[in-house]
$ cat query.txt   # compact mmCIF, C-alpha atoms
# COMPACT_ATOMS: atom_id res chain seq x y z
CA MET A 1 -16.74 13.51 15.34
CA ARG A 2 -15.97 10.24 13.59
CA ASP A 3 -13.46 7.48 14.08
CA ARG A 4 -10.30 7.91 12.01
CA TYR A 5 -8.46 5.06 10.29
CA PHE A 6 -4.83 4.78 9.18
CA ALA A 7 -2.98 2.23 7.04
CA VAL A 8 0.60 1.90 8.33
CA VAL A 9 2.98 1.12 5.45
CA ASN A 10 6.74 0.57 5.24
CA HIS A 11 9.33 -0.87 2.83
CA PHE A 12 8.09 -4.39 3.58
CA HIS A 13 4.43 -3.54 2.98
CA PRO A 14 4.29 -0.30 0.94
CA GLU A 15 0.67 -0.39 -0.30
CA VAL A 16 -2.29 1.04 1.62
CA THR A 17 -4.40 -1.79 0.22
CA ASP A 18 -2.12 -4.33 1.97
CA PRO A 19 -0.53 -2.41 4.86
CA PHE A 20 1.61 -3.57 7.75
CA LEU A 21 -1.28 -2.81 10.07
CA LEU A 22 -4.57 -0.92 10.25
CA LEU A 23 -5.13 1.58 13.05
CA ARG A 24 -8.28 3.20 14.39
CA GLU A 25 -8.49 6.37 16.44
CA PRO A 26 -11.92 6.32 18.12
CA ALA A 27 -13.78 9.62 18.07
CA GLY A 28 -12.88 11.78 21.04
CA SER A 29 -9.98 9.54 22.08
CA ARG A 30 -6.22 9.95 21.88
CA ARG A 31 -5.64 6.21 22.11
CA PHE A 32 -5.20 4.00 19.09
CA GLU A 33 -6.41 0.52 18.35
CA ARG A 34 -5.11 -1.95 15.79
CA TYR A 35 -7.11 -4.43 13.76
CA ASP A 36 -5.69 -7.79 14.82
CA GLU A 37 -5.58 -11.20 13.13
CA ASN A 38 -8.89 -12.14 14.81
CA ARG A 39 -10.53 -9.07 13.24
CA ASP A 40 -10.94 -7.45 16.64
CA TRP A 41 -9.89 -3.94 17.65
CA VAL A 42 -7.28 -4.14 20.43
CA PRO A 43 -5.17 -1.45 22.16
CA ALA A 44 -2.21 -0.50 19.99
CA GLY A 45 -0.04 1.34 22.49
CA ARG A 46 2.05 4.35 21.58
CA GLN A 47 2.31 5.00 17.84
CA TRP A 48 5.38 6.57 16.27
CA SER A 49 3.87 6.69 12.79
CA LEU A 50 0.19 6.91 11.91
CA GLY A 51 0.57 6.03 8.25
CA GLU A 52 -1.87 7.00 5.53
CA PRO A 53 -5.47 8.03 6.33
CA VAL A 54 -7.94 5.63 4.70
CA GLY A 55 -11.69 5.61 4.21
CA GLY A 56 -14.42 4.76 1.74
CA GLU A 57 -13.98 1.69 -0.45
CA VAL A 58 -10.36 1.15 0.60
CA LEU A 59 -11.35 0.98 4.26
CA ASP A 60 -14.33 -1.27 3.48
CA ARG A 61 -12.03 -3.75 1.68
CA LEU A 62 -9.51 -3.70 4.51
CA LEU A 63 -12.21 -4.44 7.08
CA THR A 64 -13.85 -7.23 5.08
CA SER A 65 -11.31 -8.81 2.70
CA TRP A 66 -7.82 -7.96 3.95
CA THR A 67 -6.03 -10.47 6.20
CA PRO A 68 -4.52 -8.62 9.19
CA ARG A 69 -0.95 -9.59 10.08
CA PRO A 70 0.05 -10.86 13.51
CA SER A 71 1.99 -8.32 15.55
CA ARG A 72 5.54 -9.65 15.19
CA ILE A 73 9.01 -8.56 14.18
CA GLU A 74 9.97 -9.27 10.57
CA HIS A 75 13.58 -9.57 9.41
CA ARG A 76 14.80 -9.19 5.84
CA TYR A 77 18.27 -9.15 4.31
CA TYR A 78 19.50 -7.51 1.11
CA ALA A 79 22.68 -7.41 -0.94
CA PHE A 80 23.52 -4.20 -2.82
CA LEU A 81 25.41 -4.90 -6.02
CA ASP A 82 27.93 -2.84 -7.95
CA ASP A 83 27.94 -2.45 -11.73
CA GLU A 84 29.80 -5.76 -12.03
CA GLY A 85 27.21 -7.63 -10.00
CA ASP A 86 29.41 -8.09 -6.92
CA PRO A 87 27.98 -7.46 -3.41
CA MET A 88 29.37 -4.19 -2.05
CA ARG A 89 27.07 -3.84 0.97
CA LEU A 90 24.66 -5.97 2.97
CA ALA A 91 21.61 -4.65 4.79
CA HIS A 92 19.49 -6.17 7.55
CA LEU A 93 16.10 -4.53 8.09
CA TRP A 94 13.58 -5.24 10.82
CA ASN A 95 10.41 -3.65 12.15
CA ASP A 96 9.00 -2.94 15.57
CA ALA A 97 5.40 -3.63 16.57
CA ASN A 98 4.33 -0.32 15.02
CA GLY A 99 5.86 -1.09 11.63
CA VAL A 100 8.76 1.36 12.01
CA LEU A 101 11.86 -0.05 10.32
CA ALA A 102 15.46 0.05 11.48
CA GLU A 103 18.52 -0.97 9.51
CA ARG A 104 22.03 -2.21 10.11
CA THR A 105 24.59 -2.43 7.35
CA PHE A 106 27.72 -4.44 6.59
CA VAL A 107 30.31 -2.72 4.40
CA SER A 108 33.66 -3.99 5.66
CA ASP A 109 34.36 -6.09 8.73
CA ARG A 110 31.25 -5.85 10.91
CA TRP A 111 27.59 -4.86 11.11
CA ARG A 112 26.75 -1.28 12.09
CA VAL A 113 23.36 0.09 13.05
CA VAL A 114 22.15 2.85 10.73
CA GLY A 115 19.15 3.82 12.86
CA PRO A 116 15.84 4.67 11.19
CA CYS A 117 15.75 2.81 7.92
CA VAL A 118 17.16 4.61 4.89
CA PHE A 119 17.25 1.62 2.54
CA GLU A 120 19.16 3.48 -0.15
CA GLY A 121 20.40 2.00 -3.40
CA ASP A 122 18.79 0.78 -6.59
CA ARG A 123 20.77 -2.38 -7.30
CA ARG A 124 19.55 -4.49 -4.40
CA VAL A 125 18.42 -8.11 -4.21
CA GLU A 126 16.71 -9.81 -1.30
CA ILE A 127 18.61 -12.70 0.27
CA GLY A 128 18.23 -14.94 3.31
CA ALA A 129 19.97 -14.60 6.67
CA GLU A 130 22.27 -17.56 5.93
CA ARG A 131 23.26 -16.12 2.55
CA ALA A 132 24.00 -12.77 4.21
CA ARG A 133 26.43 -14.50 6.58
CA GLU A 134 28.08 -16.26 3.63
CA LEU A 135 28.57 -12.95 1.79
CA GLU A 136 30.22 -11.13 4.71
CA GLU A 137 33.66 -12.44 3.68
CA SER A 138 33.10 -11.45 0.04
CA VAL A 139 32.03 -7.93 1.00
CA THR A 140 35.04 -7.55 3.31
CA HIS A 141 37.39 -8.73 0.55
CA LEU A 142 35.93 -6.37 -2.06
CA ASN A 143 36.14 -3.38 0.29
CA ARG A 144 39.81 -3.73 1.21
CA THR A 145 42.05 -0.69 0.88
CA PRO A 146 43.71 -0.14 -2.51
CA ALA A 147 46.75 -2.32 -3.19
CA ASP A 148 48.74 0.68 -4.47
CA GLY A 149 47.61 2.96 -1.62
CA ARG A 150 46.18 5.53 -4.05
CA TYR A 151 42.80 7.19 -3.49
CA ARG A 152 40.62 9.73 -5.24
CA TYR A 153 39.22 12.46 -2.97
CA TRP A 154 35.84 14.20 -3.14
CA ALA A 155 33.89 16.91 -1.35
CA VAL A 156 30.20 16.01 -1.05
CA VAL A 157 28.19 19.22 -1.28
CA ASP A 158 24.45 19.83 -0.89
CA HIS A 159 24.24 23.63 -0.53
CA VAL A 160 26.90 23.24 2.20
CA LEU A 161 29.77 20.80 2.68
CA GLN A 162 28.37 17.48 3.94
CA ARG A 163 31.42 15.22 4.16
CA VAL A 164 34.67 14.19 2.49
CA LEU A 165 35.00 10.97 0.50
CA ARG A 166 37.94 8.95 -0.68
CA THR A 167 37.37 6.27 -3.30
CA TRP A 168 39.33 3.54 -5.04
CA GLY A 169 38.96 0.48 -7.25
CA GLY A 170 37.19 -0.13 -10.54
CA ASP A 171 38.00 1.40 -13.90
CA ASP A 172 37.53 4.98 -12.68
CA GLY A 173 38.63 4.64 -9.06
CA THR A 174 35.13 4.95 -7.54
CA ARG A 175 34.13 1.36 -6.84
CA CYS A 176 34.81 1.48 -3.08
CA ALA A 177 34.57 4.42 -0.70
CA GLU A 178 35.07 5.78 2.80
CA TRP A 179 33.72 9.02 4.26
CA SER A 180 35.08 11.38 6.89
CA MET A 181 33.81 14.25 9.01
CA GLY A 182 36.87 14.47 11.21
CA PRO A 183 39.91 12.40 12.15
CA GLY A 184 38.65 8.95 11.10
CA TRP A 185 37.51 7.24 7.91
CA HIS A 186 34.35 5.12 7.77
CA ARG A 187 33.32 2.65 5.10
CA VAL A 188 30.28 3.60 3.05
CA HIS A 189 28.32 2.25 0.09
CA VAL A 190 28.03 5.08 -2.45
CA LEU A 191 27.23 3.67 -5.87
CA GLY A 192 27.15 6.56 -8.31
CA VAL A 193 27.66 9.37 -5.79
CA ALA A 194 30.70 10.64 -7.69
CA HIS A 195 28.75 10.69 -10.96
CA HIS A 196 25.52 12.45 -9.96
CA GLY A 197 26.78 15.97 -9.33
CA SER A 198 26.86 15.95 -5.52
CA ALA A 199 30.58 15.07 -5.18
CA TRP A 200 33.38 17.29 -6.47
CA PRO A 201 36.96 16.05 -7.02
CA ILE A 202 39.56 17.60 -4.72
CA THR A 203 43.20 16.96 -3.85
CA GLU A 204 44.36 14.93 -0.86
CA GLU A 205 45.73 18.10 0.71
CA ARG A 206 42.39 19.88 0.33
CA ALA A 207 40.58 16.82 1.71
CA ASN A 208 42.72 16.92 4.85
CA GLU A 209 42.06 20.65 5.27
CA LEU A 210 38.31 20.08 5.05
CA ARG A 211 38.44 17.18 7.51
CA ARG A 212 40.16 19.41 10.05
CA SER A 213 37.36 21.95 9.62
CA PHE A 214 34.74 19.49 10.92
CA PRO A 215 34.08 19.09 14.65
CA ALA A 216 35.69 15.92 15.99
CA ALA A 217 32.32 14.20 16.10
CA ALA A 218 32.74 11.39 13.59
CA THR A 219 32.77 8.88 16.44
CA LEU A 220 29.10 9.69 17.04
CA PHE A 221 28.35 7.76 13.85
CA ASP A 222 30.48 4.73 14.75
CA CYS A 223 27.58 2.47 15.73
CA HIS A 224 27.90 -1.14 16.83
CA GLN A 225 26.08 -4.36 16.15
CA PRO A 226 23.05 -4.85 18.40
CA SER A 227 23.09 -7.70 20.89
$ encode --input "query.txt" --output "structure tokens"
Amino acid sequence: MRDRYFAVVNHFHPEVTDPFLLLREPAGSRRFERYDENRDWVPAGRQWSLGEPVGGEVLDRLLTSWTPRPSRIEHRYYAFLDDEGDPMRLAHLWNDANGVLAERTFVSDRWRVVGPCVFEGDRRVEIGAERARELEESVTHLNRTPADGRYRYWAVVDHVLQRVLRTWGGDDGTRCAEWSMGPGWHRVHVLGVAHHGSAWPITEERANELRRSFPAAATLFDCHQPS
């Protein structure tokens, strides 16, 4: 048996040639070691994600030329823009010691934890923590309910019914959105969802019928800002 090596990558460090960390599984052992900033192998603790197996020239370069990162939490902030360049959602991503990312998002009046990072959306720009705080008011203002009280309603279908949406704003009434799987509505950032074939227009009456068909479990997704 031989030692096995793994390059742990994530959204912050997506390349195996410059990973978040390098792990080794010694032959015959179930314990992992990480290659630390002093180029020593130290116990890595429990690993939730092993990453990509590496060997050969890639492993040789990592062991000789790559600069290992200190084991620390990284924080990054992003603004997701609509077609007009306005921030519709903010995201805060951070990693644990194993490189696993989590995400919280701001779409209306507060930050909510998403859980394991999804990091969806193409029109995103990286910003600083201070800029994210400055944009909270702008995002809240842009995501207010429609002045005329009129919504468009959609059924989001992927083989089976996933959720109900209501949208408003913009030239076609799809700039802002909320989703529902029961009695409540929850803000969501859904650029393009109504244009990519997964959402079908329905009436308000039909939307209410579908919402009543879901278990009253929407509160399970109402996460709160971490302390």
$ closest_residue --input "query.txt" --among "A:Val156, A:Leu90, A:Ala102, A:Val9" --to "Glu134 in chain A" --atoms "only C-alpha atoms"
A:Leu90
$ closest_atom_pairs --input "query.txt" --of "range 86-190 of chain A" --to "range 53-77 of chain A" --cutoff "6 Å" --atoms "only C-alpha atoms" --output "Markdown table"
| residue | atom | partner | partner_atom | distance |
| --- | --- | --- | --- | --- |
| A:Ala91 | CA | A:Tyr77 | CA | 5.6 |
| A:His92 | CA | A:Tyr77 | CA | 4.6 |
| A:Leu93 | CA | A:Arg76 | CA | 5.3 |
| A:Trp94 | CA | A:His75 | CA | 4.6 |
| A:Asn95 | CA | A:Ile73 | CA | 5.5 |
| A:Asp96 | CA | A:Ile73 | CA | 5.8 |
| A:Ala97 | CA | A:Ser71 | CA | 5.9 |
| A:Glu126 | CA | A:Tyr77 | CA | 5.9 |
| A:Ile127 | CA | A:Tyr77 | CA | 5.4 |
| A:Gly128 | CA | A:Tyr77 | CA | 5.9 |
$ closest_residue --input "query.txt" --among "A:Leu81, A:Leu22, A:Ile202, A:Ala155" --to "Arg175 in chain A" --atoms "all atoms listed in the file"
A:Leu81
$ atom_distance --input "query.txt" --atom1 "CA of Trp200 in chain A" --atom2 "CA of Leu165 in chain A"
9.5 Å
$ atom_distance --input "query.txt" --atom1 "CA of Glu52 in chain A" --atom2 "CA of Arg24 in chain A"
11.6 Å
$ atom_distance --input "query.txt" --atom1 "CA of Ala147 in chain A" --atom2 "CA of Gly173 in chain A"
12.2 Å
$ closest_residue --input "query.txt" --among "A:Ser213, A:Asn10, A:Asn98, A:Thr167" --to "Pro183 in chain A" --atoms "all atoms listed in the file"
A:Ser213
$ residues_near_point --input "query.txt" --point "(36.6, 21.3, 1.2)" --cutoff "12 Å" --atoms "all atoms listed in the file" --output "PyMOL selection string"
chain A and resi 153-157+160-165+180-181+199-214
$ closest_residue --input "query.txt" --among "A:Arg89, A:His141, A:Arg34, A:Arg123" --to "Phe6 in chain A" --atoms "all atoms listed in the file"
A:Arg34
$ residues_around --input "query.txt" --residues "Glu136 in chain A" --least-positions-apart "6" --cutoff "9 Å" --atoms "all atoms listed in the file" --output "NGL selection string"
:A and (89-90 or 106-110)
$ closest_residue --input "query.txt" --among "A:Val8, A:Met88, A:Ala129, A:Leu21" --to "Cys176 in chain A" --atoms "all atoms listed in the file"
A:Met88
$ build_atoms --input "query.txt" --residues "range 54-65 of chain A" --atoms "all heavy atoms" --output "PDB file, keeping the file's coordinate frame"
ATOM      1  N   VAL A  54      -7.157   6.411   5.649  1.00  0.00           N
ATOM      2  CA  VAL A  54      -7.940   5.630   4.700  1.00  0.00           C
ATOM      3  C   VAL A  54      -9.419   5.747   5.046  1.00  0.00           C
ATOM      4  O   VAL A  54      -9.794   5.990   6.190  1.00  0.00           O
ATOM      5  CB  VAL A  54      -7.525   4.143   4.679  1.00  0.00           C
ATOM      6  CG1 VAL A  54      -6.141   3.976   4.094  1.00  0.00           C
ATOM      7  CG2 VAL A  54      -7.589   3.539   6.077  1.00  0.00           C
ATOM      8  N   GLY A  55     -10.241   5.564   4.032  1.00  0.00           N
ATOM      9  CA  GLY A  55     -11.690   5.610   4.210  1.00  0.00           C
ATOM     10  C   GLY A  55     -12.361   5.081   2.964  1.00  0.00           C
ATOM     11  O   GLY A  55     -11.709   4.601   2.030  1.00  0.00           O
ATOM     12  N   GLY A  56     -13.665   5.161   2.920  1.00  0.00           N
ATOM     13  CA  GLY A  56     -14.420   4.760   1.740  1.00  0.00           C
ATOM     14  C   GLY A  56     -14.219   3.312   1.360  1.00  0.00           C
ATOM     15  O   GLY A  56     -14.164   2.418   2.210  1.00  0.00           O
ATOM     16  N   GLU A  57     -14.085   3.055   0.050  1.00  0.00           N
ATOM     17  CA  GLU A  57     -13.980   1.690  -0.450  1.00  0.00           C
ATOM     18  C   GLU A  57     -12.711   0.997   0.026  1.00  0.00           C
ATOM     19  O   GLU A  57     -12.723  -0.213   0.293  1.00  0.00           O
ATOM     20  CB  GLU A  57     -14.023   1.693  -1.982  1.00  0.00           C
ATOM     21  CG  GLU A  57     -15.366   2.127  -2.565  1.00  0.00           C
ATOM     22  CD  GLU A  57     -15.374   2.055  -4.080  1.00  0.00           C
ATOM     23  OE1 GLU A  57     -14.340   1.633  -4.652  1.00  0.00           O
ATOM     24  OE2 GLU A  57     -16.400   2.407  -4.683  1.00  0.00           O
ATOM     25  N   VAL A  58     -11.611   1.759   0.130  1.00  0.00           N
ATOM     26  CA  VAL A  58     -10.360   1.150   0.600  1.00  0.00           C
ATOM     27  C   VAL A  58     -10.533   0.623   2.015  1.00  0.00           C
ATOM     28  O   VAL A  58     -10.154  -0.514   2.332  1.00  0.00           O
ATOM     29  CB  VAL A  58      -9.202   2.171   0.539  1.00  0.00           C
ATOM     30  CG1 VAL A  58      -7.946   1.584   1.185  1.00  0.00           C
ATOM     31  CG2 VAL A  58      -8.915   2.565  -0.898  1.00  0.00           C
ATOM     32  N   LEU A  59     -11.126   1.415   2.890  1.00  0.00           N
ATOM     33  CA  LEU A  59     -11.350   0.980   4.260  1.00  0.00           C
ATOM     34  C   LEU A  59     -12.316  -0.204   4.307  1.00  0.00           C
ATOM     35  O   LEU A  59     -12.090  -1.168   5.055  1.00  0.00           O
ATOM     36  CB  LEU A  59     -11.898   2.136   5.094  1.00  0.00           C
ATOM     37  CG  LEU A  59     -12.244   1.806   6.550  1.00  0.00           C
ATOM     38  CD1 LEU A  59     -11.017   1.316   7.302  1.00  0.00           C
ATOM     39  CD2 LEU A  59     -12.851   3.026   7.242  1.00  0.00           C
ATOM     40  N   ASP A  60     -13.370  -0.158   3.504  1.00  0.00           N
ATOM     41  CA  ASP A  60     -14.330  -1.270   3.480  1.00  0.00           C
ATOM     42  C   ASP A  60     -13.639  -2.577   3.106  1.00  0.00           C
ATOM     43  O   ASP A  60     -13.894  -3.631   3.712  1.00  0.00           O
ATOM     44  CB  ASP A  60     -15.458  -0.975   2.499  1.00  0.00           C
ATOM     45  CG  ASP A  60     -16.376   0.137   2.989  1.00  0.00           C
ATOM     46  OD1 ASP A  60     -16.358   0.417   4.209  1.00  0.00           O
ATOM     47  OD2 ASP A  60     -17.088   0.727   2.156  1.00  0.00           O
ATOM     48  N   ARG A  61     -12.736  -2.530   2.102  1.00  0.00           N
ATOM     49  CA  ARG A  61     -12.030  -3.750   1.680  1.00  0.00           C
ATOM     50  C   ARG A  61     -11.086  -4.236   2.771  1.00  0.00           C
ATOM     51  O   ARG A  61     -10.958  -5.443   2.999  1.00  0.00           O
ATOM     52  CB  ARG A  61     -11.267  -3.498   0.382  1.00  0.00           C
ATOM     53  CG  ARG A  61     -12.155  -3.466  -0.857  1.00  0.00           C
ATOM     54  CD  ARG A  61     -11.330  -3.603  -2.125  1.00  0.00           C
ATOM     55  NE  ARG A  61     -10.406  -2.491  -2.297  1.00  0.00           N
ATOM     56  CZ  ARG A  61     -10.708  -1.374  -2.949  1.00  0.00           C
ATOM     57  NH1 ARG A  61     -11.913  -1.222  -3.484  1.00  0.00           N
ATOM     58  NH2 ARG A  61      -9.819  -0.414  -3.077  1.00  0.00           N
ATOM     59  N   LEU A  62     -10.415  -3.296   3.441  1.00  0.00           N
ATOM     60  CA  LEU A  62      -9.510  -3.700   4.510  1.00  0.00           C
ATOM     61  C   LEU A  62     -10.267  -4.381   5.650  1.00  0.00           C
ATOM     62  O   LEU A  62      -9.789  -5.359   6.237  1.00  0.00           O
ATOM     63  CB  LEU A  62      -8.750  -2.482   5.045  1.00  0.00           C
ATOM     64  CG  LEU A  62      -7.696  -1.873   4.115  1.00  0.00           C
ATOM     65  CD1 LEU A  62      -7.155  -0.580   4.705  1.00  0.00           C
ATOM     66  CD2 LEU A  62      -6.559  -2.851   3.860  1.00  0.00           C
ATOM     67  N   LEU A  63     -11.443  -3.885   5.962  1.00  0.00           N
ATOM     68  CA  LEU A  63     -12.210  -4.440   7.080  1.00  0.00           C
ATOM     69  C   LEU A  63     -12.879  -5.763   6.736  1.00  0.00           C
ATOM     70  O   LEU A  63     -13.173  -6.559   7.637  1.00  0.00           O
ATOM     71  CB  LEU A  63     -13.272  -3.428   7.526  1.00  0.00           C
ATOM     72  CG  LEU A  63     -12.746  -2.130   8.153  1.00  0.00           C
ATOM     73  CD1 LEU A  63     -13.896  -1.173   8.438  1.00  0.00           C
ATOM     74  CD2 LEU A  63     -11.967  -2.426   9.426  1.00  0.00           C
ATOM     75  N   THR A  64     -13.100  -6.019   5.450  1.00  0.00           N
ATOM     76  CA  THR A  64     -13.850  -7.230   5.080  1.00  0.00           C
ATOM     77  C   THR A  64     -13.001  -8.278   4.362  1.00  0.00           C
ATOM     78  O   THR A  64     -13.209  -9.481   4.566  1.00  0.00           O
ATOM     79  CB  THR A  64     -15.034  -6.853   4.166  1.00  0.00           C
ATOM     80  OG1 THR A  64     -14.547  -6.156   3.000  1.00  0.00           O
ATOM     81  CG2 THR A  64     -16.017  -5.958   4.908  1.00  0.00           C
ATOM     82  N   SER A  65     -12.041  -7.849   3.531  1.00  0.00           N
ATOM     83  CA  SER A  65     -11.310  -8.810   2.700  1.00  0.00           C
ATOM     84  C   SER A  65      -9.841  -8.954   3.054  1.00  0.00           C
ATOM     85  O   SER A  65      -9.230  -9.988   2.773  1.00  0.00           O
ATOM     86  CB  SER A  65     -11.417  -8.400   1.213  1.00  0.00           C
ATOM     87  OG  SER A  65     -12.766  -8.293   0.825  1.00  0.00           O
TER      88      SER A  65
END
